[in-house]
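Participant: Dropping in my_file39.tsv, with TSV, C-alpha atoms.
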chain	number	residue	atom	x	y	z
A	121	MET	CA	88.93	93.46	48.77
A	122	SER	CA	88.30	94.76	52.28
A	123	GLU	CA	90.02	94.58	55.62
A	124	GLY	CA	87.12	92.60	57.01
A	125	ARG	CA	87.34	89.85	54.41
A	126	GLN	CA	87.50	86.38	55.93
A	127	HIS	CA	89.45	83.32	54.77
A	128	ALA	CA	90.02	79.84	56.08
A	129	ARG	CA	93.69	79.95	57.00
A	130	PRO	CA	96.26	77.41	58.16
A	131	ALA	CA	97.24	77.68	61.82
A	132	ALA	CA	100.81	78.57	60.88
A	133	ARG	CA	99.80	81.89	59.36
A	134	GLY	CA	101.10	85.01	61.07
A	135	GLY	CA	97.92	87.01	60.61
A	136	LEU	CA	97.53	90.57	59.39
A	137	PHE	CA	98.14	92.15	62.77
A	138	ALA	CA	101.08	89.99	63.93
A	139	ARG	CA	103.45	92.64	62.64
A	140	PHE	CA	101.87	95.24	64.87
A	141	ALA	CA	101.14	93.16	67.98
A	142	ALA	CA	103.53	95.07	70.23
A	143	MET	CA	102.61	93.14	73.37
A	144	ALA	CA	103.55	89.74	71.91
A	145	VAL	CA	107.07	88.42	72.32
A	146	LEU	CA	108.47	84.94	71.66
A	147	LEU	CA	111.71	84.00	73.37
A	148	SER	CA	113.97	81.31	71.95
A	149	GLY	CA	116.40	79.23	73.93
A	150	ALA	CA	118.46	78.29	70.89
A	151	ALA	CA	122.20	78.66	71.27
A	152	VAL	CA	123.91	81.06	68.90
A	153	SER	CA	127.52	82.09	68.26
A	154	MET	CA	128.15	85.70	69.20
A	155	ALA	CA	130.11	87.90	66.79
A	156	ALA	CA	130.85	90.45	69.53
A	157	PRO	CA	129.93	91.21	73.14
A	158	PRO	CA	126.33	92.44	73.56
A	159	SER	CA	126.05	96.10	72.59
A	160	SER	CA	124.18	98.88	74.37
A	161	GLY	CA	124.46	101.40	71.52
A	162	ALA	CA	121.01	103.01	71.46
A	163	LYS	CA	120.35	106.74	71.81
A	164	LEU	CA	116.92	108.32	72.17
A	165	LEU	CA	116.38	110.99	69.51
A	166	ARG	CA	112.67	111.57	69.98
A	167	HIS	CA	109.74	110.30	72.05
A	168	GLY	CA	106.09	111.22	71.56
A	169	THR	CA	102.91	110.19	73.35
A	170	ALA	CA	101.75	106.63	73.97
A	171	HIS	CA	99.51	106.82	70.89
A	172	ASP	CA	102.16	108.20	68.50
A	173	ALA	CA	103.17	104.90	66.92
A	174	LEU	CA	105.55	105.14	63.95
A	175	TYR	CA	105.43	102.35	61.38
A	176	ASP	CA	107.99	103.28	58.74
A	177	VAL	CA	111.00	105.52	58.06
A	178	VAL	CA	113.06	106.24	54.93
A	179	PHE	CA	115.98	108.46	53.97
A	180	GLU	CA	117.36	109.97	50.80
A	181	GLY	CA	120.73	111.42	51.70
A	182	GLU	CA	120.18	113.51	54.83
A	183	ARG	CA	116.47	114.05	54.19
A	184	GLY	CA	114.17	111.62	55.96
A	185	ILE	CA	110.52	111.00	56.68
A	186	ALA	CA	108.69	108.80	59.19
A	187	VAL	CA	104.97	107.98	59.21
A	188	GLY	CA	102.56	106.40	61.64
A	189	ALA	CA	99.25	106.41	63.48
A	190	PHE	CA	96.60	109.09	62.91
A	191	GLY	CA	98.34	110.51	59.86
A	192	ASN	CA	101.45	111.29	61.89
A	193	VAL	CA	104.32	112.52	59.69
A	194	LEU	CA	107.78	113.54	60.91
A	195	VAL	CA	110.58	114.94	58.76
A	196	THR	CA	114.30	115.60	59.14
A	197	ALA	CA	116.80	117.54	57.04
A	198	ASP	CA	119.92	116.80	59.10
A	199	GLY	CA	120.26	113.05	58.74
A	200	GLY	CA	117.87	112.23	61.57
A	201	ALA	CA	119.51	114.29	64.33
A	202	THR	CA	116.34	116.37	64.76
A	203	TRP	CA	112.74	115.77	63.68
A	204	GLN	CA	109.77	118.08	63.07
A	205	VAL	CA	106.06	117.34	62.77
A	206	GLN	CA	104.76	117.92	59.25
A	207	ALA	CA	101.14	118.84	58.54
A	208	PHE	CA	99.22	116.07	56.81
A	209	PRO	CA	95.70	116.31	55.35
A	210	MET	CA	94.41	113.12	57.03
A	211	LYS	CA	94.39	112.51	60.80
A	212	HIS	CA	91.99	109.61	61.49
A	213	LEU	CA	93.80	106.62	59.89
A	214	ALA	CA	97.29	105.16	60.11
A	215	LEU	CA	99.99	105.60	57.52
A	216	MET	CA	101.74	102.23	57.41
A	217	ALA	CA	104.58	102.89	54.94
A	218	VAL	CA	106.38	105.61	53.00
A	219	ALA	CA	108.77	105.79	50.03
A	220	MET	CA	111.08	108.64	49.01
A	221	ARG	CA	112.98	109.00	45.75
A	222	GLU	CA	114.26	112.02	43.80
A	223	GLY	CA	112.72	114.34	46.40
A	224	LYS	CA	109.23	112.87	45.85
A	225	CYS	CA	107.24	110.84	48.40
A	226	ILE	CA	104.42	108.29	48.48
A	227	ALA	CA	102.63	107.20	51.68
A	228	VAL	CA	100.13	104.33	52.04
A	229	GLY	CA	98.02	102.98	54.86
A	230	GLN	CA	94.70	101.78	56.22
A	231	THR	CA	91.67	101.18	53.98
A	232	GLY	CA	93.88	101.36	50.90
A	233	LEU	CA	94.66	105.06	51.23
A	234	VAL	CA	97.48	106.48	49.10
A	235	TYR	CA	98.97	109.97	49.20
A	236	ALA	CA	101.64	111.42	46.92
A	237	ALA	CA	103.77	114.55	47.29
A	238	ALA	CA	105.98	115.86	44.48
A	239	ASP	CA	108.01	117.78	47.06
A	240	CYS	CA	107.49	115.47	50.09
A	241	LYS	CA	105.49	118.32	51.64
A	242	THR	CA	102.31	119.00	49.66
A	243	TRP	CA	100.33	115.78	49.97
A	244	LYS	CA	97.47	114.87	47.64
A	245	ALA	CA	95.24	111.80	47.91
A	246	ALA	CA	95.27	109.38	44.97
A	247	PRO	CA	92.06	107.63	43.83
A	248	SER	CA	91.49	104.56	45.99
A	249	MET	CA	91.82	101.22	44.20
A	250	THR	CA	91.28	98.92	47.19
A	251	LYS	CA	89.83	98.84	50.69
A	252	SER	CA	92.56	96.51	51.89
A	253	ARG	CA	95.22	97.82	54.23
A	254	LEU	CA	98.41	98.74	52.37
A	255	LEU	CA	101.53	97.82	54.33
A	256	ALA	CA	104.51	98.69	52.12
A	257	VAL	CA	105.45	100.87	49.15
A	258	ASP	CA	108.55	101.44	47.05
A	259	VAL	CA	109.36	103.58	44.00
A	260	THR	CA	112.11	103.83	41.37
A	261	ARG	CA	113.90	106.92	40.09
A	262	GLN	CA	111.57	106.79	37.07
A	263	GLY	CA	108.47	106.99	39.27
A	264	VAL	CA	107.38	103.35	38.91
A	265	ALA	CA	105.87	102.38	42.27
A	266	TYR	CA	104.36	99.30	43.84
A	267	ALA	CA	102.30	99.02	47.01
A	268	VAL	CA	101.36	95.75	48.74
A	269	GLY	CA	99.14	94.77	51.63
A	270	ALA	CA	96.41	92.57	53.02
A	271	PHE	CA	95.00	89.54	51.22
A	272	GLY	CA	97.55	89.57	48.40
A	273	THR	CA	96.87	93.15	47.36
A	274	ILE	CA	99.38	94.51	44.82
A	275	LEU	CA	99.04	97.95	43.20
A	276	LYS	CA	101.25	99.52	40.53
A	277	SER	CA	101.78	103.16	39.56
A	278	THR	CA	103.85	104.62	36.72
A	279	ASP	CA	103.38	108.29	37.64
A	280	TRP	CA	104.89	108.67	41.10
A	281	GLY	CA	101.78	107.42	42.89
A	282	GLN	CA	99.22	109.77	41.38
A	283	SER	CA	97.24	106.88	39.86
A	284	TRP	CA	97.26	103.13	40.47
A	285	ALA	CA	96.22	99.85	38.86
A	286	VAL	CA	95.42	96.59	40.66
A	287	GLN	CA	97.77	93.76	39.71
A	288	THR	CA	96.03	90.37	39.43
A	289	VAL	CA	97.92	87.36	40.77
A	290	ASP	CA	97.05	83.69	40.24
A	291	TRP	CA	97.64	82.55	43.82
A	292	SER	CA	96.64	78.96	43.00
A	293	GLY	CA	100.05	78.46	41.44
A	294	ILE	CA	101.91	80.08	44.35
A	295	THR	CA	100.29	79.09	47.67
A	296	ASP	CA	99.37	75.51	48.52
A	297	ASP	CA	95.64	76.17	48.88
A	298	GLY	CA	95.32	79.26	46.72
A	299	ALA	CA	95.03	81.51	49.79
A	300	GLU	CA	95.81	85.20	49.26
A	301	PRO	CA	98.73	85.92	51.60
A	302	HIS	CA	99.24	89.22	53.38
A	303	LEU	CA	102.26	90.95	51.83
A	304	TYR	CA	104.33	93.02	54.25
A	305	ASP	CA	107.27	94.53	52.37
A	306	ILE	CA	108.42	95.22	48.82
A	307	HIS	CA	111.46	96.34	46.85
A	308	VAL	CA	111.36	97.72	43.31
A	309	ALA	CA	114.66	97.61	41.42
A	310	GLU	CA	115.58	100.24	38.86
A	311	ASP	CA	115.17	97.66	36.07
A	312	GLY	CA	111.51	97.24	37.09
A	313	SER	CA	111.84	93.85	38.77
A	314	VAL	CA	109.86	93.54	42.00
A	315	THR	CA	110.49	91.46	45.14
A	316	ALA	CA	107.85	91.11	47.86
A	317	VAL	CA	107.73	89.18	51.14
A	318	GLY	CA	104.82	88.02	53.26
A	319	GLU	CA	103.01	85.16	54.90
A	320	PHE	CA	104.07	81.52	54.46
A	321	GLU	CA	107.69	82.78	54.47
A	322	LEU	CA	106.89	83.81	50.93
A	323	VAL	CA	109.39	85.62	48.71
A	324	LEU	CA	107.75	86.71	45.43
A	325	ARG	CA	109.40	87.96	42.26
A	326	SER	CA	108.07	89.62	39.12
A	327	SER	CA	109.87	91.27	36.24
A	328	ASP	CA	106.86	93.32	35.15
A	329	GLY	CA	104.16	93.14	37.85
A	330	GLN	CA	102.12	90.77	35.69
A	331	GLN	CA	103.67	87.34	36.17
A	332	TRP	CA	104.74	86.37	39.69
A	333	LYS	CA	106.67	83.37	40.98
A	334	ALA	CA	107.62	82.14	44.43
A	335	LEU	CA	111.35	82.15	45.11
A	336	HIS	CA	110.96	80.81	48.64
A	337	LYS	CA	108.20	79.38	50.88
A	338	GLY	CA	108.06	78.15	54.48
A	339	GLU	CA	106.08	78.37	57.70
A	340	ARG	CA	106.76	81.79	59.22
A	341	SER	CA	105.63	85.23	58.09
A	342	LEU	CA	108.26	87.58	56.69
A	343	PHE	CA	107.75	91.25	57.56
A	344	GLY	CA	110.89	93.13	56.50
A	345	LEU	CA	113.05	93.18	53.35
A	346	SER	CA	116.41	94.88	52.75
A	347	VAL	CA	118.26	94.87	49.44
A	348	VAL	CA	121.90	95.93	49.38
A	349	GLU	CA	122.86	98.30	46.57
A	350	GLY	CA	123.36	96.24	43.43
A	351	GLY	CA	120.60	93.77	44.27
A	352	LYS	CA	122.63	90.60	44.73
A	353	LYS	CA	122.40	90.53	48.52
A	354	MET	CA	118.98	90.48	50.15
A	355	TYR	CA	117.78	90.00	53.73
A	356	ALA	CA	114.30	89.26	55.08
A	357	SER	CA	113.13	89.24	58.72
A	358	GLY	CA	110.05	87.79	60.35
A	359	GLN	CA	108.32	85.65	62.95
A	360	SER	CA	110.14	83.68	65.62
A	361	GLY	CA	113.41	85.51	65.04
A	362	ALA	CA	113.42	84.63	61.34
A	363	LEU	CA	116.26	86.08	59.28
A	364	LEU	CA	116.82	84.87	55.72
A	365	SER	CA	119.55	85.95	53.33
A	366	SER	CA	120.26	85.59	49.64
A	367	THR	CA	123.54	86.25	47.81
A	368	ASP	CA	122.25	85.53	44.29
A	369	GLY	CA	119.57	88.17	43.86
A	370	GLY	CA	116.86	86.16	45.61
A	371	ALA	CA	117.13	82.91	43.63
A	372	THR	CA	118.04	80.93	46.78
A	373	TRP	CA	117.72	81.73	50.48
A	374	THR	CA	119.54	80.70	53.67
A	375	SER	CA	117.97	80.79	57.15
A	376	HIS	CA	120.06	82.15	60.05
A	377	LYS	CA	119.81	81.66	63.82
A	378	THR	CA	119.57	85.14	65.33
A	379	GLY	CA	119.45	84.02	68.97
A	380	THR	CA	115.97	85.44	69.56
A	381	GLY	CA	112.43	84.24	69.09
A	382	ALA	CA	111.08	87.78	68.88
A	383	ILE	CA	108.96	88.99	65.99
A	384	LEU	CA	111.44	90.87	63.78
A	385	THR	CA	109.56	93.41	61.67
A	386	GLY	CA	112.36	95.55	60.22
A	387	VAL	CA	115.74	94.80	58.67
A	388	HIS	CA	118.55	96.98	57.32
A	389	ALA	CA	121.75	95.79	55.64
A	390	THR	CA	124.89	97.48	54.35
A	391	ALA	CA	127.36	96.56	51.63
A	392	GLN	CA	129.95	96.00	54.39
A	393	GLY	CA	128.05	92.98	55.74
A	394	GLU	CA	126.35	94.73	58.66
A	395	VAL	CA	122.76	93.56	59.19
A	396	LEU	CA	120.33	94.80	61.86
A	397	ALA	CA	116.84	93.49	62.51
A	398	SER	CA	114.36	95.19	64.84
A	399	GLY	CA	111.06	94.13	66.30
A	400	ILE	CA	109.20	93.49	69.52
A	401	ASN	CA	111.52	94.07	72.50
A	402	ALA	CA	114.56	93.13	70.42
A	403	VAL	CA	117.20	94.41	68.03
A	404	VAL	CA	119.87	92.00	66.79
A	405	LEU	CA	123.07	92.81	64.91
A	406	SER	CA	125.39	90.88	62.63
A	407	ARG	CA	128.67	92.24	61.32
A	408	ASP	CA	129.43	89.29	59.04
A	409	GLY	CA	126.44	89.05	56.71
A	410	GLY	CA	124.31	87.01	59.11
A	411	ALA	CA	126.78	84.29	60.10
A	412	THR	CA	126.83	85.39	63.77
A	413	TRP	CA	124.54	87.65	65.80
A	414	SER	CA	124.56	89.85	68.90
A	415	PRO	CA	121.62	91.40	70.75
A	416	LEU	CA	121.48	95.15	71.28
A	417	ASN	CA	121.37	95.24	75.06
A	418	SER	CA	119.51	98.44	75.88
A	419	LYS	CA	116.47	99.16	78.06
A	420	LEU	CA	115.24	101.40	75.25
A	421	VAL	CA	115.06	98.28	73.07
A	422	ARG	CA	113.87	95.72	75.61
A	423	ASN	CA	110.92	97.80	76.78
A	424	ALA	CA	109.35	98.67	73.41
A	425	TRP	CA	108.83	97.62	69.80
A	426	TYR	CA	110.57	99.11	66.79
A	427	GLN	CA	108.80	98.60	63.50
A	428	ALA	CA	111.31	99.79	60.91
A	429	LEU	CA	114.94	100.74	60.31
A	430	ALA	CA	116.64	103.12	57.88
A	431	ALA	CA	119.97	104.90	57.50
A	432	SER	CA	120.79	108.43	56.39
A	433	GLU	CA	123.97	109.34	54.59
A	434	GLY	CA	125.63	112.71	54.93
A	435	THR	CA	128.76	114.32	53.57
A	436	GLY	CA	131.84	112.15	53.71
A	437	GLY	CA	129.72	109.01	53.93
A	438	LYS	CA	128.65	109.70	57.51
A	439	ARG	CA	125.70	107.47	58.41
A	440	ARG	CA	123.02	107.56	61.08
A	441	LEU	CA	120.93	104.44	61.56
A	442	VAL	CA	117.53	104.97	63.17
A	443	ALA	CA	114.68	102.75	64.35
A	444	VAL	CA	111.07	103.93	64.76
A	445	GLY	CA	108.20	102.42	66.70
A	446	ALA	CA	106.11	102.55	69.85
A	447	GLY	CA	105.18	105.91	71.34
A	448	GLY	CA	106.48	107.81	68.35
A	449	THR	CA	109.99	106.88	69.46
A	450	ILE	CA	113.01	107.37	67.21
A	451	LEU	CA	116.26	105.71	68.27
A	452	GLU	CA	119.75	106.11	66.88
A	453	LEU	CA	121.49	102.72	66.78
A	454	ASP	CA	125.24	102.29	66.88
A	455	LEU	CA	126.61	99.93	64.28
In structure tokens, how does this file's structure come out?

Facilitator:
Amino acid sequence: MSEGRQHARPAARGGLFARFAAMAVLLSGAAVSMAAPPSSGAKLLRHGTAHDALYDVVFEGERGIAVGAFGNVLVTADGGATWQVQAFPMKHLALMAVAMREGKCIAVGQTGLVYAAADCKTWKAAPSMTKSRLLAVDVTRQGVAYAVGAFGTILKSTDWGQSWAVQTVDWSGITDDGAEPHLYDIHVAEDGSVTAVGEFELVLRSSDGQQWKALHKGERSLFGLSVVEGGKKMYASGQSGALLSSTDGGATWTSHKTGTGAILTGVHATAQGEVLASGINAVVLSRDGGATWSPLNSKLVRNAWYQALAASEGTGGKRRLVAVGAGGTILELDL
């Protein structure tokens, strides 16, 4: 596979670069019930140059890492309050996603590149298994990792990202025309089951990485996936303000009206029913599991795009929720 590969695609497809088209914004006039007055709770933690785009952020406790354009890597040890640039051995391509577990990290990006670090500091390139852009990665506490990306690419590792195998999928039994959908986000449960989201509003599930089935299909692309601890509650965000939820581990999905038509690329949910989705010139918040929504009314949000969301957890359960995106910006969002 390669990033230049061409397919005949239905007009409804989101396209590989829809997730990163920061200048596009779709506004919806749909009425929506507000859970609370519009919030302005956004605080600027960091801002870089115009070219310092950040595409993903993750935390494990108070340790966090964000990755982005030109091999840009930022790290924090205080729950996201302060961030430092970390040296990375590659500077000419973008890192699109990062995973952290048990103090180990895996980063993936353009042209199928994969890097692993046993200490989240000393990065080593893994042998390339694809030329397709990798857009998401996740890993379990046992070091079983999956990465997904363009044209239905799915890779699996059982050694913390040091080596990978291509997973073959029979798309003819999943998509209407057998097209290979771009896959934008993934979650790997500790029991080894895998959930991925992508084009055609597709939610995919596999228990072993070998056999895959579609749990949900539709018209819009889904870009973000959040799984609440325990795995029963799941949320997915996407095109045209899309926000889907599941309360049965992904077996069935409900679509919610978020009050925006913006492309929502990131989503983060808590066990308390708080759900935030970020994207192009918009962040929306629900405090009741998606039943009602409020916009985050801040110039910091309206004037930029925020690709991903994550929350740190410090002593005493203290949380800090951050969003990363355009210009290397890191925002703290107030739940």

Participant: Need the shell around A:Cys240: protein/DNA/RNA residues with any atom at most 8 Å away, counting only C-alpha atoms. Skip same-chain ones fewer than 4 positions apart. Format as a list in words?

Facilitator: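 Result of the neighbour search: Met220, Gly223, Lys224, Cys225, Ile226 and Ala236 of chain A.
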
Participant: As an exercise, work out the distance from atom CA of A:Val205 to atom CA of A:Ala430 in Å and give it to one decimal place.

Facilitator: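 Taking atom CA of A:Val205 as the start and atom CA of A:Ala430 as the end point, the length is 18.4 Å.
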
Participant: Nearest to A:Pro209: which of A:Ser357, A:Trp243, A:Ala189, A:Glu182 is it, counting only C-alpha atoms?

Facilitator: A:Trp243

Participant: For a test of reading the model, state the distance in Å between atom CA of A:Asp239 and atom CA of A:Asp176, rounded to one decimal.

Facilitator: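 Between atom CA of A:Asp239 and atom CA of A:Asp176 the gap is 18.6 Å.
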
Participant: Need the shell around stretch 269-278 of chain A: protein/DNA/RNA residues with any atom at most 7 Å away, counting all atoms listed in the file. Skip same-chain ones fewer than 3 positions apart. Format as number ranges by chain?

Facilitator: A: 136, 252-256, 263-266, 281, 283-287, 300-304

Participant: For a test of reading the model, state the distance in Å between atom CA of A:Ala431 and atom CA of A:Gly184, rounded to one decimal.

Facilitator: 9.0 Å

Participant: Using all atoms listed in the file, determine which residues lie at most 7 Å from A:Ala428, disregarding the query and same-chain residues fewer than 5 positions distant; provide the list as a PyMOL selection string.

Facilitator: chain A and resi 175-177+385-386+398+443-444

Participant: Here is a test: counting only C-alpha atoms, which residue of A:Thr390, A:Gly447, A:Ser365, A:Ala162 is nearest to A:Glu433?

Facilitator: A:Thr390

Participant: Can you work out which one of A:Pro415, A:Gly399, A:Gly393, A:Gly181 has the shortest atom-to-atom distance to A:Ala446, counting all atoms listed in the file?

Facilitator: A:Gly399

Participant: Measuring between all atoms listed in the file, which one of A:Ile383, A:Ala299, A:Leu335, A:Ala424 shows the shortest distance to A:Asp368?

Facilitator: A:Leu335

Participant: Measuring between only C-alpha atoms, which one of A:Gly161, A:Gly370, A:Ala227, A:Ala173 shows the shortest distance to A:Leu441?

Facilitator: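 Checking each candidate against A:Leu441, we get A:Gly161 as the closest.
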
Participant: Pick the closest to A:Val257 from A:Lys244, A:Gly344, A:Thr288, A:Asn192: which is it, counting only C-alpha atoms?

Facilitator: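 Counting only C-alpha atoms, the residue closest to A:Val257 is A:Gly344.
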
Participant: Within 7 Å of (118.0, 110.4, 65.8) (file coordinates; only C-alpha atoms), which protein or nucleic acid residues are there? I'd like them as a list in words.

Facilitator: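 Returned residue set, sorted by chain then number, is Leu164, Leu165, Arg166, Gly200, Ala201, Thr202, Val442, Ile450, Leu451 and Glu452 of chain A.
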
Participant: Give the padded box for stretch 285-303 of chain A as lines of an AutoDock Vina configuration file: axis-aligned, covering all atoms listed in the file, 5 Å on each side, centre and edge lengths in Å to one decimal.

Facilitator:
center_x = 98.6
center_y = 87.7
center_z = 46.1
size_x = 17.2
size_y = 34.3
size_z = 24.5

Participant: Can you pull out every residue within 10 Å of A:Met210, counting all atoms listed in the file, but drop anything in the same chain fewer than 4 positions away, and send it as a PyMOL selection string?

Facilitator: chain A and resi 190-192+214-215+233+235+243+245

Participant: Write out as number ranges by chain the residues lying within 9 Å of stretch 307-324 of chain A, counting all atoms listed in the file and excluding same-chain residues fewer than 4 positions away.

Facilitator: A: 132-136, 257-262, 264-266, 268-269, 272, 294-295, 301-303, 328-329, 332-347, 351, 356, 358-359, 370
